[in-house]
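Here the structure is laid out as structure tokens; the discussion comes afterwards.
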Amino acid sequence: MQEKYTPAAIESAAQQHWDSQRSFEVAADPSRPKYYCLSMFPYPSGKLHMGHVRNYTIGDVLSRFHRMKGYNVLQPMGWDAFGLPAENAAIKNKVPPAKWTYDNIDYMKQQLKSLGFAIDWSRELATCTPEYYKWNQWLFLRMLEKGIAERKTQVVNWDPVDQTVLANEQVIDGRGWRTGALVEKREIPGYYLKITDYAEELLGDLNELEGWPERVKLMQANWIGKSTGVRFAFTHDIADENGLIGDGHMWVFTTRADTIMGVTFCAVAAEHPLASHAAKNNPELAAFIEKCKLGSMMEADMATMEKEGLPTGLSVTHPLTGEPVEVWVGNYVLMSYGDGAVMGVPAHDERDFAFAKKYGIPIKQVVAVADNAYSLDAWQEWYGSKDGVCFHSGKYDGLGYEAAVEAIAADLSAKGIGEKKIQWRLRDWGVSRQRYWGCPIPIIHCDDCGSVPVPDDQLPVVLPEDCVPDGSGNPLGKREDFLNVDCPCCGKPAKRETDTMDTFVDSSWYYARYASTFSADSMVDTETGYWMTVDQYIGGIEHAILHLLYSRFWTKVMRDLGLVNYREPFAHLLTQGMVLNNAFFQKPEGGGKNYFWESEIDLQRDAKGQITGATLKADGSALEHELTTMSKSKNNGVDPQSLIEQYGADTARFFMMFAAPPEQTLEWSDAGVEGAHRFLRRIWSFGHGFAAELRGLIGGERQLDGTKLPDDLATLRREVHLLLKQANYDLGKQQFNTVASACMKMLNALEKAPRDTALAAEVIEECFGILLRVLSPITPHIAHTLWQELGYGDEILAASWPEPIDAALVQDEVELVLQVNGKLRGAVRVAAESSRSDIEAAALASEAAVRFMEGKPARKVIVVPGRLVNIVC
RNA sequence: GCCCGGAUGGUGAAAUCGGUAGACACAAGGGACUUAAAAUCCCUCGGCGAAAGCUAUGCGGGUUCGAGUCCCGCUCCGGGCACCA
């Protein structure tokens, strides 16, 4: 056995061993319990980053732990291979996205292998391969047949210079990222998946997901956003050349029907038919509407922008009072939510209040809350409260929120212009992307037959892999060989759809494909039934809503099509915190941020080492900094490669687990890695130092007799078994940082232990065997090698997980904390099985108690068994 | 702006059910070994104080014998906001 710990050598040897044994290739085996452990697959951006190392180490720890617990463990890996960065790289380097992507996959796969993850590589998949995306297309066609997919108009960011659609990410301060041109909103056709049809089930089934963090379920519930309210119409006789607009009804939705008597205006979206009609003879309004159409599509921008409006000059009729109500166009009203119109009740809605104050619209209080006086001076929290009663509301006066809503809904319903309605915040999922590097939408456009689905036997529609996007629109639009096709209905020349699918489609079902046998004839097969559902899913908290919601939806669609028999894909979810690092930037005049690498700058720090400023090495100019997620675009990623090369995979893995609990954000710091490596060196030299003794001991049928141990060895053994108990508890909580520290404590104890007797060697043999096994999921290479070298066995993978021995844990005496009036004043030692009154007596008699009680009688003595005694006097 | 989290020494963090705050590490300082360095090992290490002790878990209140942990009100930081993945 080598004296020196040489991670490079032992890690490649261990990896070769696992490779040659095919240790991690698994098959369905109904006789054994299965554990499907899935980490979110990476986007092949070029190199692994620290977030990946963190994510996959967590998954690997859980996989290896469960394997030693006796489970049949599946841990697959693949590539979320379609997406925008490949096109950006193509624009920059003139390399086809396909080549860039496949090259990145090759490199990153080798990186993953060097980290020693227990992955079944025989199930590797990449979403950009036709064998995979064929089934995106196939399922999309089934959704079309069932009416789950439909074609309607969508609003996109349009760059008028490049004549191309931009992602939100490519719009910086309202301008195109490459051209700097003001971005416009444009309506174009696209496909939507009716996720709203599943809203009720997606919401309800959250209750079944006991293994999900509450906060994720809460976020999803809020996102789905079920609200019960009233949809009703303001009537009018506004007509254009086609007759009454909207049949003389302007529909609105409100959750506050109880405030209907306080309506003093209505607001409609810029795209609303009444707005368009009013703009015809009103150039100022037409200009305002154009301006609204320029604005951002993003909800955050909508919510923070200045609320503006302009009157249309039109009025509609209040459904209950019959009074005329002015109609305004508001830039904050969304055509895509509800009916694109809202009622304005300034007295009881904060936004309406601000709007009314700004434009001098009357404010009419119609809800009163006891002991509060209404004033128009400033908005008060209680104005929006549902706790009050109707007021100034005629027949509804005195009714509380619920009674008022019921009464008003009933009256509106009687007039035939309103009803109670459930409204969802969730919108349908627009899946069309005007991009090249994605899964082609399998549709053919024929002048005669319209939009025709590609027949199943012509799937997949294969994406040509040699295009190089240049930023001026989808290159598929110029590919005659892709575009031109005969119409499947009439046989006449037709054109293929050039839109591709949202990449969230790719990631909505990959877990099911891993679990099946990659058949060319079916999306999923019977093997899926054994492995699914995923027992443990691990990924970044940033996916808490969209990816997870789309996957849940997709699963339910597959179930309705009879493809799978489960209703939820992921039983347990671990949302790892993000890995953060400082990012340094300057703000150029055109807007946006220019990021610099830390190597390009000089840092200024205060006496405590906190960063106070930064300057660019090149010209000394000042930089701003922010603590943010590691990302390619921010030049603040730390490449794990150098870490692996310098210290080895085990050190990188140990440090990642030790640095913070998995759910917490992890602020990157180079320091600390050294400590992890030092620990592994100590483990190695401890093993090396005892190699001869341990080899002699291991292997026999001998069982350590704990009753004959001298005190120091009994204490050591007790300490290690106690640490094992804690480590097992923490593994159950998925708190791996304290598992790592338990291992460190075990080694600390072992190093201090006496080692000069045969009995000592026996205890150390048992304890070190525990330590190696607890450590093995985190640092598998060193644990594997020491296990073998010391003769514990051939395969630590095949060893069973250690459990603490109760007899080793007992102790005769315990030390209790002594408090007087809640303050720590000392300690009392008592026999472990002392009664409450014995403990009280011992505490009261102690020197510290006498001293701090200052002669006062004890009014109360609180005894917490095994913990403390508190004397109140 | 809205929804969801988080905040504990110089740093990362621990504290299982409301019961010794700072385990385990990193950094720093001191020492041993060494011709020297590296490595390794030992000691100190929240603040104030000579000590007794006091004080301390982002800020301000509250509940409790006892609060990092529970409640109310803030501040700052992170994630998401539907075309980044």
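If you're wondering about the labels, chains in the structure tokens are A, B, ... by order shown, residues count from 1 in each chain, ligands from 1 in order shown.
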* Exercise answer, chain A residues close to chain B, 8 Å and only C-alpha atoms (C1' of nucleotides), as a ChimeraX atom specification -> /A:43,83-84,156,166-169,215-216,218-219,222-223,298-300,303-304,427,429,433,502,541-542,544-546,608-609,628,659-660,665,671-672,675,738,741-742,744-745,817,821-822,824,860,862,864,867-868,870-872
* Excluding same-chain residues fewer than 4 positions from C71 (chain B), what lies within 12 Å of it counting only C-alpha atoms (C1' of nucleotides), as number ranges by chain? -> B: 61-64, 67
* To do: Excluding Ile422 (chain A) and residues on its chain fewer than 2 positions from it, collect all residues at most 8 Å away from it, counting only C-alpha atoms (C1' of nucleotides), and give them as JSON, numbers by chain.
  => {"A": [226, 227, 228, 229, 230, 420, 424]}
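Once region 38-40 of chain B and its same-chain neighbours fewer than 6 positions away are set aside, Lys4, Arg678, Arg681, Arg682 and Ser685 of chain A; A32 of chain B remain within 12 Å of it when counting only C-alpha atoms (C1' of nucleotides).
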Please produce a file of those selected residues containing N, CA and C atoms (P, O5', C5', C4', C3', O3' and C1' of nucleotides), as a compact mmCIF listing (two decimals), in the first residue's frame.
# COMPACT_ATOMS: atom_id res chain seq x y z
N LYS A 4 1.74 7.54 0.36
CA LYS A 4 1.23 8.87 0.02
C LYS A 4 -0.15 8.76 -0.64
N ARG A 678 -6.90 18.04 3.06
CA ARG A 678 -6.10 17.67 4.22
C ARG A 678 -6.76 16.50 4.96
N ARG A 681 -6.19 13.30 3.15
CA ARG A 681 -4.82 12.83 3.36
C ARG A 681 -4.67 12.17 4.73
N ARG A 682 -5.35 12.74 5.72
CA ARG A 682 -5.28 12.16 7.07
C ARG A 682 -5.95 10.80 7.11
N SER A 685 -3.49 8.40 5.56
CA SER A 685 -2.32 8.03 6.36
C SER A 685 -2.75 7.26 7.61
P A B 32 9.51 27.04 19.31
O5' A B 32 9.06 25.52 19.13
C5' A B 32 9.04 24.63 20.23
C4' A B 32 8.62 23.26 19.79
C3' A B 32 9.53 22.62 18.74
O3' A B 32 10.66 22.01 19.32
C1' A B 32 7.26 22.36 18.10
* To do: Give me the residues within 12 Å of Gly450 (chain A) as a list of chain:residue names, counting only C-alpha atoms (C1' of nucleotides) and dropping any in the same chain fewer than 2 places off.
  => A:Arg151, A:Ile443, A:Ile444, A:His445, A:Cys446, A:Asp447, A:Asp448, A:Val452, A:Pro453, A:Cys487, A:Pro488, A:Cys489, A:Cys490, A:Lys492, A:Ala494, A:Lys495, A:Arg496, A:Glu497
* Rounded to one decimal in Å, what is the spacing between CA of Tyr566 (chain A) and CA of Val461 (chain A)? ->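 Separation of CA of Tyr566 (chain A) and CA of Val461 (chain A): 29.2 Å.
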* To do: Among the residues of region 475-508 of chain A, find those DSSP assigns to strand (DSSP E or B) from the backbone and print them as a list in words.
  =>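 Those residues are Asn484, Val485, Asp486, Pro493, Ala494, Lys495, Arg496, Thr500 and Met501 of chain A.
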* Go through B:C70, B:G30, B:U8, B:U57 and flag the residue nearest C42 (chain B), using only C-alpha atoms (C1' of nucleotides) for the distances. =>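 The shortest atom-to-atom distance to C42 (chain B) comes from B:G30.
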* Would you kindly return, as a VMD selection string, each protein, DNA or RNA residue with an atom no farther than 9 Å from any atom of region 133-138 of chain A, considering only C-alpha atoms (C1' of nucleotides) and excluding same-chain residues fewer than 4 positions away? => chain A and resid 127 to 129 142 to 143 439 to 442 456 459 to 462 501 505 to 506 509 522 to 523
What would the file look like if the residues just selected were written as a PDB file, in the first residue's frame with N, CA and C atoms?
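Output saved as again_6.pdb:
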ATOM      1  N   THR A 127     -31.276  15.461 -26.134  1.00  0.00           N
ATOM      2  CA  THR A 127     -32.591  15.833 -26.672  1.00  0.00           C
ATOM      3  C   THR A 127     -32.518  16.338 -28.109  1.00  0.00           C
ATOM      4  N   CYS A 128     -31.304  16.613 -28.619  1.00  0.00           N
ATOM      5  CA  CYS A 128     -31.191  17.125 -29.987  1.00  0.00           C
ATOM      6  C   CYS A 128     -31.084  16.004 -31.005  1.00  0.00           C
ATOM      7  N   THR A 129     -31.163  14.742 -30.562  1.00  0.00           N
ATOM      8  CA  THR A 129     -31.104  13.642 -31.520  1.00  0.00           C
ATOM      9  C   THR A 129     -32.500  13.291 -32.009  1.00  0.00           C
ATOM     10  N   ARG A 142     -50.495  13.984 -31.021  1.00  0.00           N
ATOM     11  CA  ARG A 142     -51.594  13.407 -30.232  1.00  0.00           C
ATOM     12  C   ARG A 142     -52.347  14.532 -29.508  1.00  0.00           C
ATOM     13  N   MET A 143     -51.580  15.532 -29.050  1.00  0.00           N
ATOM     14  CA  MET A 143     -52.225  16.651 -28.350  1.00  0.00           C
ATOM     15  C   MET A 143     -53.100  17.451 -29.312  1.00  0.00           C
ATOM     16  N   CYS A 439     -36.568  21.460 -31.595  1.00  0.00           N
ATOM     17  CA  CYS A 439     -37.298  20.351 -32.220  1.00  0.00           C
ATOM     18  C   CYS A 439     -38.331  20.902 -33.196  1.00  0.00           C
ATOM     19  N   PRO A 440     -38.243  20.527 -34.488  1.00  0.00           N
ATOM     20  CA  PRO A 440     -39.221  21.053 -35.455  1.00  0.00           C
ATOM     21  C   PRO A 440     -40.656  20.679 -35.088  1.00  0.00           C
ATOM     22  N   ILE A 441     -41.545  21.643 -35.249  1.00  0.00           N
ATOM     23  CA  ILE A 441     -42.961  21.374 -35.019  1.00  0.00           C
ATOM     24  C   ILE A 441     -43.495  20.671 -36.265  1.00  0.00           C
ATOM     25  N   PRO A 442     -44.064  19.481 -36.113  1.00  0.00           N
ATOM     26  CA  PRO A 442     -44.386  18.625 -37.270  1.00  0.00           C
ATOM     27  C   PRO A 442     -45.679  19.033 -37.984  1.00  0.00           C
ATOM     28  N   ASP A 456     -47.746  10.216 -38.954  1.00  0.00           N
ATOM     29  CA  ASP A 456     -46.858   9.523 -38.018  1.00  0.00           C
ATOM     30  C   ASP A 456     -45.725   8.781 -38.731  1.00  0.00           C
ATOM     31  N   LEU A 459     -42.509  10.669 -39.341  1.00  0.00           N
ATOM     32  CA  LEU A 459     -41.739  11.202 -38.211  1.00  0.00           C
ATOM     33  C   LEU A 459     -40.438  10.420 -38.080  1.00  0.00           C
ATOM     34  N   PRO A 460     -39.385  11.008 -37.560  1.00  0.00           N
ATOM     35  CA  PRO A 460     -39.336  12.400 -37.136  1.00  0.00           C
ATOM     36  C   PRO A 460     -39.114  13.365 -38.301  1.00  0.00           C
ATOM     37  N   VAL A 461     -39.591  14.591 -38.130  1.00  0.00           N
ATOM     38  CA  VAL A 461     -39.169  15.669 -39.023  1.00  0.00           C
ATOM     39  C   VAL A 461     -37.776  16.056 -38.544  1.00  0.00           C
ATOM     40  N   VAL A 462     -36.778  15.745 -39.387  1.00  0.00           N
ATOM     41  CA  VAL A 462     -35.397  15.882 -38.940  1.00  0.00           C
ATOM     42  C   VAL A 462     -34.877  17.300 -39.184  1.00  0.00           C
ATOM     43  N   MET A 501     -39.834  23.843 -31.154  1.00  0.00           N
ATOM     44  CA  MET A 501     -40.521  23.808 -29.856  1.00  0.00           C
ATOM     45  C   MET A 501     -39.676  24.437 -28.756  1.00  0.00           C
ATOM     46  N   VAL A 505     -40.197  21.628 -23.551  1.00  0.00           N
ATOM     47  CA  VAL A 505     -40.838  20.391 -24.001  1.00  0.00           C
ATOM     48  C   VAL A 505     -39.855  19.224 -23.849  1.00  0.00           C
ATOM     49  N   ASP A 506     -38.607  19.456 -24.294  1.00  0.00           N
ATOM     50  CA  ASP A 506     -37.592  18.393 -24.228  1.00  0.00           C
ATOM     51  C   ASP A 506     -37.425  17.864 -22.811  1.00  0.00           C
ATOM     52  N   TRP A 509     -40.175  15.263 -20.277  1.00  0.00           N
ATOM     53  CA  TRP A 509     -40.433  13.812 -20.178  1.00  0.00           C
ATOM     54  C   TRP A 509     -39.176  12.959 -20.281  1.00  0.00           C
ATOM     55  N   SER A 522     -41.622   3.100 -29.678  1.00  0.00           N
ATOM     56  CA  SER A 522     -42.533   3.648 -28.674  1.00  0.00           C
ATOM     57  C   SER A 522     -41.816   4.678 -27.813  1.00  0.00           C
ATOM     58  N   MET A 523     -42.594   5.618 -27.340  1.00  0.00           N
ATOM     59  CA  MET A 523     -42.063   6.717 -26.548  1.00  0.00           C
ATOM     60  C   MET A 523     -41.526   6.179 -25.219  1.00  0.00           C
TER      61      MET A 523
END
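As for CA of Thr575 (chain A) and CA of Leu203 (chain A), they are spaced 19.5 Å apart.
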